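Quick notes on the structure that follows.
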Amino acid sequence: MLYDAFIERKKTRKIQVGNVCIGGDAPITVQSMTNTDTRDALSTIEQIKRLEEAGCDIVRVAVLDSEAARAIAAIKKAIKIPLVADIHFDYRLAISAMENGADKIRLNPGNIGDRERVRKVVKVAKERGIPIRIGVNSGSLEKEIIKKYGGATPEAMVESALNHVRILEEEDFFDIAISLKASSVPMTIAAYRLMSQKSDYPLHLGVTEAGTVKGGTIKSSVGIGCLLAEGIGDTIRVSLTGEPEEEVKVGNSILKALGLKKGGIDIISCPTCGRCRINLIDIANKVEERLSFDDKSITGKDIKVAIMGCGVNGPGEAKDADIGIAGGKNEALLFKKGKIIRKIPQGEVVEELIEEIRKLRSC
């Protein structure tokens with residue numbers, strides 16, 4: 001069953017970011033951001049290539065100065081995915097980043113000075129067909145907005161974003177995406193819900209400053225997953241205190257869990273109980289590690305793998321799995337589509353299961 005049949009996506013405008021579309025009927029994309037010094041083009045390129053291998057669709061780099069903006073030219077030549085330049089305050093960096101090949105810029109037009117500066121940025125963006133993402137964070141709202149609402153609230157975030165949008169619209173620019181991020185999951189959800197009612201611009205989802213790989217994964221999965229399940233969101237970034245590749249893996253896992261992305265391995269496993277007579281936890285962890293997104297030899301096809309503790313939860317409950325094992329006493333039953341194939345000694349389960357999955361991949 002395709003679970004996305006239960007999710008009706010909100011209709012939004014479509015924008016083009018390099019060779020990738022966001023919004024409309026385009027697939028939901030996964031983004032990340034490098035943590036290298038953008039001025040160090042070689043290190044940045046190496047990290048982006050690792051992100052590409054992990055399944056990243058769009059990457060963002062920080063542009064702190066003119067040297068970083070110029071480095072975009074070399075970076076763009078060496079990567080395959082679209083590149084977003086993250087700009088704060090200095091409109092000249094936005095222009096330089098676009099002139100050096102950025103496919104999209106992230107900035108807030110209200111923070112880069114007078115209207116003439118905005119016009120200069122918009123002029124280059126229009127000439128080059130480059131969209132702008134307006135990014136509003138709860139922790140950096142304008143003082144007058146904070147005063148009006150008595151603090152950071154979903155309504156305050158939305159008003160701030162729409163004020164920035166209006167500046168671009170008044171310059172006849174509509175190639176816009178919007179993000180509304182807070183470290184609070186409920187506030188993030190409420191802000192995006194409200195914006196989805198007020199605007200049809202594509203939405204970039206994320207919970208900012210979500211935390212470590214473990215804690216941030218939980219917060220992001222709840223926040224982003226809740227919104228996606230309601231049909232809200234066109235592109236996502238999972239913010240984690242860790243290597244950016246982890247952000248991509250979690251982002252893709254969220255999409256797959258909701259049936260919004262196809263391809264790769266879907267592992268199901270039981271929680272174990274007193275009936276289990278095999279070291280299922282160790283087996284499941286090793287199989288998951290081996291079948292991670294970066295194993296390109298086996299991720300190009302939808303394959304559902306079941307790792308079950310006993311015959312009760314084995315071929316019966318997991319009969320829709322393409323392949324799986326069910327634990328016995330120091331051994332496991334290998335099954336395909338509910339049909340038992342053979343027994344495997346416990347010590348050989350991981351290797352034999354991986355080998356059988358590879359055979360399915362090559363079919």
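In the structure tokens, the first chain shown is A, the next is B, and so on; residue numbers restart at 1 for each chain, and ligands run from 1 in the order shown.
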Inset, instruction - For Ala102 of chain A, please output as a PyMOL selection string all residues within 8 Å (counting only C-alpha atoms; exclusion window: fewer than 3 positions along the same chain). - result: chain A and resi 72+76+82-85+97-99+105+130
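Summary of the local environment: counting only C-alpha atoms, residues at most 12 Å from Tyr91 of chain A, other than itself and those fewer than 6 positions away along its chain, are Val63, Leu64, Asp65, Ser66, Ala69, Ala85, Ala97, Met98, Ile105, Arg106, Leu107, Asn108, Pro109, Gly110, Asn111, Ile112, Gly113, Asp114, Arg115, Glu116, Arg117, Val118, Arg119, Lys120, Val121, Val122, Lys123, Val124 and Ala125 of chain A.
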Listing only residues of segment 252-321 of chain A within 9 Å of segment 18-42 of chain A, what is the closest atom pair and its distance in Å (to one decimal) for each, using only C-alpha atoms, sorted by chain and residue number ascending, as a tab-separated table?
```
residue	atom	partner	partner_atom	distance
A:Asn252	CA	A:Val30	CA	6.7
A:Leu255	CA	A:Ile28	CA	8.0
A:Leu260	CA	A:Ile28	CA	7.4
A:Lys261	CA	A:Pro27	CA	7.8
```
Selection from above, N, CA and C atoms, as a PDB file, in the first residue's frame, can you write it?
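Saved file result.pdb follows:
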```pdb
ATOM      1  N   ASN A 252      15.580  11.905   4.813  1.00  0.00           N
ATOM      2  CA  ASN A 252      15.068  10.884   3.892  1.00  0.00           C
ATOM      3  C   ASN A 252      14.254   9.826   4.625  1.00  0.00           C
ATOM      4  N   LEU A 255      10.725  11.135   5.191  1.00  0.00           N
ATOM      5  CA  LEU A 255       9.917  11.057   3.966  1.00  0.00           C
ATOM      6  C   LEU A 255       9.499   9.618   3.674  1.00  0.00           C
ATOM      7  N   LEU A 260       6.408   9.248   1.335  1.00  0.00           N
ATOM      8  CA  LEU A 260       6.589  10.390   0.437  1.00  0.00           C
ATOM      9  C   LEU A 260       7.861  10.286  -0.382  1.00  0.00           C
ATOM     10  N   LYS A 261       8.629   9.249  -0.152  1.00  0.00           N
ATOM     11  CA  LYS A 261       9.825   9.003  -0.955  1.00  0.00           C
ATOM     12  C   LYS A 261       9.990   7.516  -1.141  1.00  0.00           C
TER      13      LYS A 261
END
```
Inset, instruction - Would you kindly return, as a list in words, each protein, DNA or RNA residue with an atom no farther than 9 Å from any atom of Ser292 of chain A, considering only C-alpha atoms and excluding same-chain residues fewer than 6 positions away? - result: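 Here the answer would be Ala54, Lys249, Gly264, Ile265 and Thr299 of chain A.
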Same residues, all heavy atoms, output as a PDB file, in the first residue's frame:
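Result went into part.pdb, see below:
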```pdb
ATOM      1  N   ALA A  54      24.892  10.705   0.324  1.00  0.00           N
ATOM      2  CA  ALA A  54      23.918  10.369   1.364  1.00  0.00           C
ATOM      3  C   ALA A  54      22.482  10.604   0.919  1.00  0.00           C
ATOM      4  O   ALA A  54      21.547  10.194   1.600  1.00  0.00           O
ATOM      5  CB  ALA A  54      24.211  11.177   2.632  1.00  0.00           C
ATOM      6  N   LYS A 249      20.258  11.737   6.136  1.00  0.00           N
ATOM      7  CA  LYS A 249      19.733  10.394   6.401  1.00  0.00           C
ATOM      8  C   LYS A 249      18.414  10.463   7.163  1.00  0.00           C
ATOM      9  O   LYS A 249      17.452   9.765   6.835  1.00  0.00           O
ATOM     10  CB  LYS A 249      20.757   9.569   7.178  1.00  0.00           C
ATOM     11  CG  LYS A 249      22.000   9.223   6.385  1.00  0.00           C
ATOM     12  CD  LYS A 249      23.004   8.466   7.228  1.00  0.00           C
ATOM     13  CE  LYS A 249      24.275   8.173   6.444  1.00  0.00           C
ATOM     14  NZ  LYS A 249      25.280   7.444   7.254  1.00  0.00           N
ATOM     15  N   GLY A 264      15.109   2.329  -1.893  1.00  0.00           N
ATOM     16  CA  GLY A 264      15.934   2.025  -0.733  1.00  0.00           C
ATOM     17  C   GLY A 264      15.326   0.965   0.153  1.00  0.00           C
ATOM     18  O   GLY A 264      14.360   0.292  -0.195  1.00  0.00           O
ATOM     19  N   ILE A 265      15.925   0.810   1.312  1.00  0.00           N
ATOM     20  CA  ILE A 265      15.577  -0.272   2.222  1.00  0.00           C
ATOM     21  C   ILE A 265      14.648   0.230   3.326  1.00  0.00           C
ATOM     22  O   ILE A 265      14.895   1.269   3.934  1.00  0.00           O
ATOM     23  CB  ILE A 265      16.848  -0.849   2.875  1.00  0.00           C
ATOM     24  CG1 ILE A 265      17.876  -1.242   1.808  1.00  0.00           C
ATOM     25  CG2 ILE A 265      16.502  -2.038   3.755  1.00  0.00           C
ATOM     26  CD1 ILE A 265      17.431  -2.323   0.873  1.00  0.00           C
ATOM     27  N   THR A 299      20.590   0.424  -2.568  1.00  0.00           N
ATOM     28  CA  THR A 299      19.529   1.382  -2.232  1.00  0.00           C
ATOM     29  C   THR A 299      18.712   1.850  -3.419  1.00  0.00           C
ATOM     30  O   THR A 299      17.863   2.706  -3.273  1.00  0.00           O
ATOM     31  CB  THR A 299      20.128   2.612  -1.522  1.00  0.00           C
ATOM     32  OG1 THR A 299      21.141   3.170  -2.356  1.00  0.00           O
ATOM     33  CG2 THR A 299      20.690   2.252  -0.176  1.00  0.00           C
TER      34      THR A 299
END
```
Legend entry - Near-Gly274 of chain A list (12 Å; only C-alpha atoms; drop same-chain fewer than 3 positions) as a ChimeraX atom specification: /A:271,277-280,309-310,312
Once you have the residues from the selection above, write them out as a PDB file, in the first residue's frame, restricted to all heavy atoms.
```pdb
ATOM      1  N   PRO A 271       9.989  -5.541  18.714  1.00  0.00           N
ATOM      2  CA  PRO A 271      10.680  -5.035  19.899  1.00  0.00           C
ATOM      3  C   PRO A 271      11.295  -6.131  20.766  1.00  0.00           C
ATOM      4  O   PRO A 271      11.966  -5.807  21.752  1.00  0.00           O
ATOM      5  CB  PRO A 271       9.570  -4.294  20.649  1.00  0.00           C
ATOM      6  CG  PRO A 271       8.328  -4.992  20.259  1.00  0.00           C
ATOM      7  CD  PRO A 271       8.526  -5.393  18.830  1.00  0.00           C
ATOM      8  N   ARG A 277      14.609 -16.181  21.165  1.00  0.00           N
ATOM      9  CA  ARG A 277      15.735 -17.048  21.526  1.00  0.00           C
ATOM     10  C   ARG A 277      16.950 -16.782  20.652  1.00  0.00           C
ATOM     11  O   ARG A 277      17.798 -17.656  20.472  1.00  0.00           O
ATOM     12  CB  ARG A 277      15.313 -18.530  21.415  1.00  0.00           C
ATOM     13  CG  ARG A 277      14.257 -18.964  22.405  1.00  0.00           C
ATOM     14  CD  ARG A 277      14.798 -18.943  23.842  1.00  0.00           C
ATOM     15  NE  ARG A 277      13.813 -19.398  24.804  1.00  0.00           N
ATOM     16  CZ  ARG A 277      12.979 -18.606  25.446  1.00  0.00           C
ATOM     17  NH1 ARG A 277      13.002 -17.295  25.197  1.00  0.00           N
ATOM     18  NH2 ARG A 277      12.129 -19.081  26.324  1.00  0.00           N
ATOM     19  N   ILE A 278      17.008 -15.589  20.105  1.00  0.00           N
ATOM     20  CA  ILE A 278      18.109 -15.211  19.223  1.00  0.00           C
ATOM     21  C   ILE A 278      18.510 -13.775  19.564  1.00  0.00           C
ATOM     22  O   ILE A 278      17.678 -13.009  20.076  1.00  0.00           O
ATOM     23  CB  ILE A 278      17.677 -15.315  17.740  1.00  0.00           C
ATOM     24  CG1 ILE A 278      18.877 -15.225  16.805  1.00  0.00           C
ATOM     25  CG2 ILE A 278      16.631 -14.277  17.396  1.00  0.00           C
ATOM     26  CD1 ILE A 278      18.530 -15.527  15.345  1.00  0.00           C
ATOM     27  N   ASN A 279      19.762 -13.423  19.329  1.00  0.00           N
ATOM     28  CA  ASN A 279      20.232 -12.077  19.665  1.00  0.00           C
ATOM     29  C   ASN A 279      19.739 -11.089  18.605  1.00  0.00           C
ATOM     30  O   ASN A 279      20.505 -10.565  17.797  1.00  0.00           O
ATOM     31  CB  ASN A 279      21.758 -12.050  19.766  1.00  0.00           C
ATOM     32  CG  ASN A 279      22.272 -10.741  20.355  1.00  0.00           C
ATOM     33  OD1 ASN A 279      21.500  -9.809  20.593  1.00  0.00           O
ATOM     34  ND2 ASN A 279      23.559 -10.677  20.597  1.00  0.00           N
ATOM     35  N   LEU A 280      18.449 -10.809  18.645  1.00  0.00           N
ATOM     36  CA  LEU A 280      17.817 -10.022  17.591  1.00  0.00           C
ATOM     37  C   LEU A 280      18.269  -8.564  17.599  1.00  0.00           C
ATOM     38  O   LEU A 280      18.413  -7.952  16.540  1.00  0.00           O
ATOM     39  CB  LEU A 280      16.293 -10.090  17.730  1.00  0.00           C
ATOM     40  CG  LEU A 280      15.535  -9.560  16.515  1.00  0.00           C
ATOM     41  CD1 LEU A 280      15.558 -10.594  15.401  1.00  0.00           C
ATOM     42  CD2 LEU A 280      14.110  -9.191  16.868  1.00  0.00           C
ATOM     43  N   GLY A 309      11.585 -11.597  15.895  1.00  0.00           N
ATOM     44  CA  GLY A 309      12.183 -12.381  16.964  1.00  0.00           C
ATOM     45  C   GLY A 309      11.766 -13.825  17.043  1.00  0.00           C
ATOM     46  O   GLY A 309      12.499 -14.656  17.581  1.00  0.00           O
ATOM     47  N   CYS A 310      10.593 -14.156  16.505  1.00  0.00           N
ATOM     48  CA  CYS A 310      10.126 -15.539  16.623  1.00  0.00           C
ATOM     49  C   CYS A 310       9.116 -15.848  15.533  1.00  0.00           C
ATOM     50  O   CYS A 310       8.741 -14.978  14.745  1.00  0.00           O
ATOM     51  CB  CYS A 310       9.490 -15.765  17.996  1.00  0.00           C
ATOM     52  SG  CYS A 310       7.938 -14.870  18.216  1.00  0.00           S
ATOM     53  N   VAL A 312       5.996 -16.335  15.818  1.00  0.00           N
ATOM     54  CA  VAL A 312       4.729 -15.639  15.993  1.00  0.00           C
ATOM     55  C   VAL A 312       4.719 -14.333  15.198  1.00  0.00           C
ATOM     56  O   VAL A 312       3.752 -13.979  14.537  1.00  0.00           O
ATOM     57  CB  VAL A 312       4.471 -15.350  17.493  1.00  0.00           C
ATOM     58  CG1 VAL A 312       3.227 -14.471  17.665  1.00  0.00           C
ATOM     59  CG2 VAL A 312       4.315 -16.647  18.268  1.00  0.00           C
TER      60      VAL A 312
END
```
Inset, instruction - Rounded to one decimal place, report the atom CA of Ser239 of chain A-atom CA of Glu67 of chain A distance in Å. - result: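 According to the coordinates, atom CA of Ser239 of chain A and atom CA of Glu67 of chain A are separated by 25.7 Å.
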Strand (DSSP E or B) positions in segment 195-264 of chain A, given as a PDB file with all heavy atoms, in the first residue's frame:
```
ATOM      1  N   LEU A 203       6.932  25.992   1.068  1.00  0.00           N
ATOM      2  CA  LEU A 203       7.428  26.088   2.441  1.00  0.00           C
ATOM      3  C   LEU A 203       8.606  25.148   2.669  1.00  0.00           C
ATOM      4  O   LEU A 203       8.567  23.967   2.316  1.00  0.00           O
ATOM      5  CB  LEU A 203       6.309  25.750   3.423  1.00  0.00           C
ATOM      6  CG  LEU A 203       5.119  26.727   3.437  1.00  0.00           C
ATOM      7  CD1 LEU A 203       4.059  26.245   4.409  1.00  0.00           C
ATOM      8  CD2 LEU A 203       5.567  28.140   3.786  1.00  0.00           C
ATOM      9  N   HIS A 204       9.637  25.702   3.274  1.00  0.00           N
ATOM     10  CA  HIS A 204      10.834  24.965   3.662  1.00  0.00           C
ATOM     11  C   HIS A 204      10.688  24.633   5.142  1.00  0.00           C
ATOM     12  O   HIS A 204      10.667  25.529   5.983  1.00  0.00           O
ATOM     13  CB  HIS A 204      12.068  25.844   3.410  1.00  0.00           C
ATOM     14  CG  HIS A 204      13.347  25.312   3.957  1.00  0.00           C
ATOM     15  ND1 HIS A 204      14.376  24.881   3.161  1.00  0.00           N
ATOM     16  CD2 HIS A 204      13.785  25.150   5.228  1.00  0.00           C
ATOM     17  CE1 HIS A 204      15.386  24.487   3.908  1.00  0.00           C
ATOM     18  NE2 HIS A 204      15.049  24.643   5.173  1.00  0.00           N
ATOM     19  N   LEU A 205      10.543  23.345   5.471  1.00  0.00           N
ATOM     20  CA  LEU A 205      10.267  22.932   6.845  1.00  0.00           C
ATOM     21  C   LEU A 205      11.543  22.652   7.628  1.00  0.00           C
ATOM     22  O   LEU A 205      12.533  22.148   7.087  1.00  0.00           O
ATOM     23  CB  LEU A 205       9.409  21.665   6.869  1.00  0.00           C
ATOM     24  CG  LEU A 205       8.056  21.682   6.162  1.00  0.00           C
ATOM     25  CD1 LEU A 205       7.316  20.373   6.449  1.00  0.00           C
ATOM     26  CD2 LEU A 205       7.215  22.877   6.576  1.00  0.00           C
ATOM     27  N   THR A 212      21.154  17.502  19.446  1.00  0.00           N
ATOM     28  CA  THR A 212      22.100  16.468  19.023  1.00  0.00           C
ATOM     29  C   THR A 212      21.439  15.507  18.041  1.00  0.00           C
ATOM     30  O   THR A 212      20.236  15.581  17.781  1.00  0.00           O
ATOM     31  CB  THR A 212      22.591  15.677  20.239  1.00  0.00           C
ATOM     32  OG1 THR A 212      21.454  15.042  20.858  1.00  0.00           O
ATOM     33  CG2 THR A 212      23.265  16.591  21.258  1.00  0.00           C
ATOM     34  N   THR A 235       9.908  21.238   0.996  1.00  0.00           N
ATOM     35  CA  THR A 235      11.317  20.866   1.118  1.00  0.00           C
ATOM     36  C   THR A 235      11.658  20.904   2.595  1.00  0.00           C
ATOM     37  O   THR A 235      11.037  21.660   3.355  1.00  0.00           O
ATOM     38  CB  THR A 235      12.218  21.814   0.298  1.00  0.00           C
ATOM     39  OG1 THR A 235      13.583  21.367   0.367  1.00  0.00           O
ATOM     40  CG2 THR A 235      12.129  23.245   0.783  1.00  0.00           C
ATOM     41  N   ILE A 236      12.618  20.081   3.041  1.00  0.00           N
ATOM     42  CA  ILE A 236      12.894  19.975   4.474  1.00  0.00           C
ATOM     43  C   ILE A 236      14.387  20.025   4.749  1.00  0.00           C
ATOM     44  O   ILE A 236      15.212  19.644   3.919  1.00  0.00           O
ATOM     45  CB  ILE A 236      12.307  18.677   5.079  1.00  0.00           C
ATOM     46  CG1 ILE A 236      13.027  17.436   4.538  1.00  0.00           C
ATOM     47  CG2 ILE A 236      10.815  18.583   4.805  1.00  0.00           C
ATOM     48  CD1 ILE A 236      12.607  16.140   5.219  1.00  0.00           C
ATOM     49  N   ARG A 237      14.710  20.521   5.942  1.00  0.00           N
ATOM     50  CA  ARG A 237      16.080  20.431   6.437  1.00  0.00           C
ATOM     51  C   ARG A 237      16.010  20.022   7.909  1.00  0.00           C
ATOM     52  O   ARG A 237      15.391  20.685   8.729  1.00  0.00           O
ATOM     53  CB  ARG A 237      16.826  21.750   6.297  1.00  0.00           C
ATOM     54  CG  ARG A 237      18.339  21.621   6.602  1.00  0.00           C
ATOM     55  CD  ARG A 237      18.713  22.270   7.936  1.00  0.00           C
ATOM     56  NE  ARG A 237      20.097  22.003   8.301  1.00  0.00           N
ATOM     57  CZ  ARG A 237      20.966  22.925   8.675  1.00  0.00           C
ATOM     58  NH1 ARG A 237      20.636  24.190   8.691  1.00  0.00           N
ATOM     59  NH2 ARG A 237      22.193  22.583   9.071  1.00  0.00           N
ATOM     60  N   THR A 241      23.068  18.827  15.617  1.00  0.00           N
ATOM     61  CA  THR A 241      24.428  19.106  16.056  1.00  0.00           C
ATOM     62  C   THR A 241      25.245  17.853  15.792  1.00  0.00           C
ATOM     63  O   THR A 241      25.392  16.969  16.634  1.00  0.00           O
ATOM     64  CB  THR A 241      24.457  19.471  17.554  1.00  0.00           C
ATOM     65  OG1 THR A 241      23.544  20.539  17.795  1.00  0.00           O
ATOM     66  CG2 THR A 241      25.858  19.897  17.975  1.00  0.00           C
TER      67      THR A 241
END
```
Legend entry - Test item: residues at most 12 Å from Ile283 of chain A, only C-alpha atoms, excluding those fewer than 2 positions along its chain, as a PyMOL selection string: chain A and resi 269-270+272+278-281+285-290+306-309+324-327+331-332+346-354
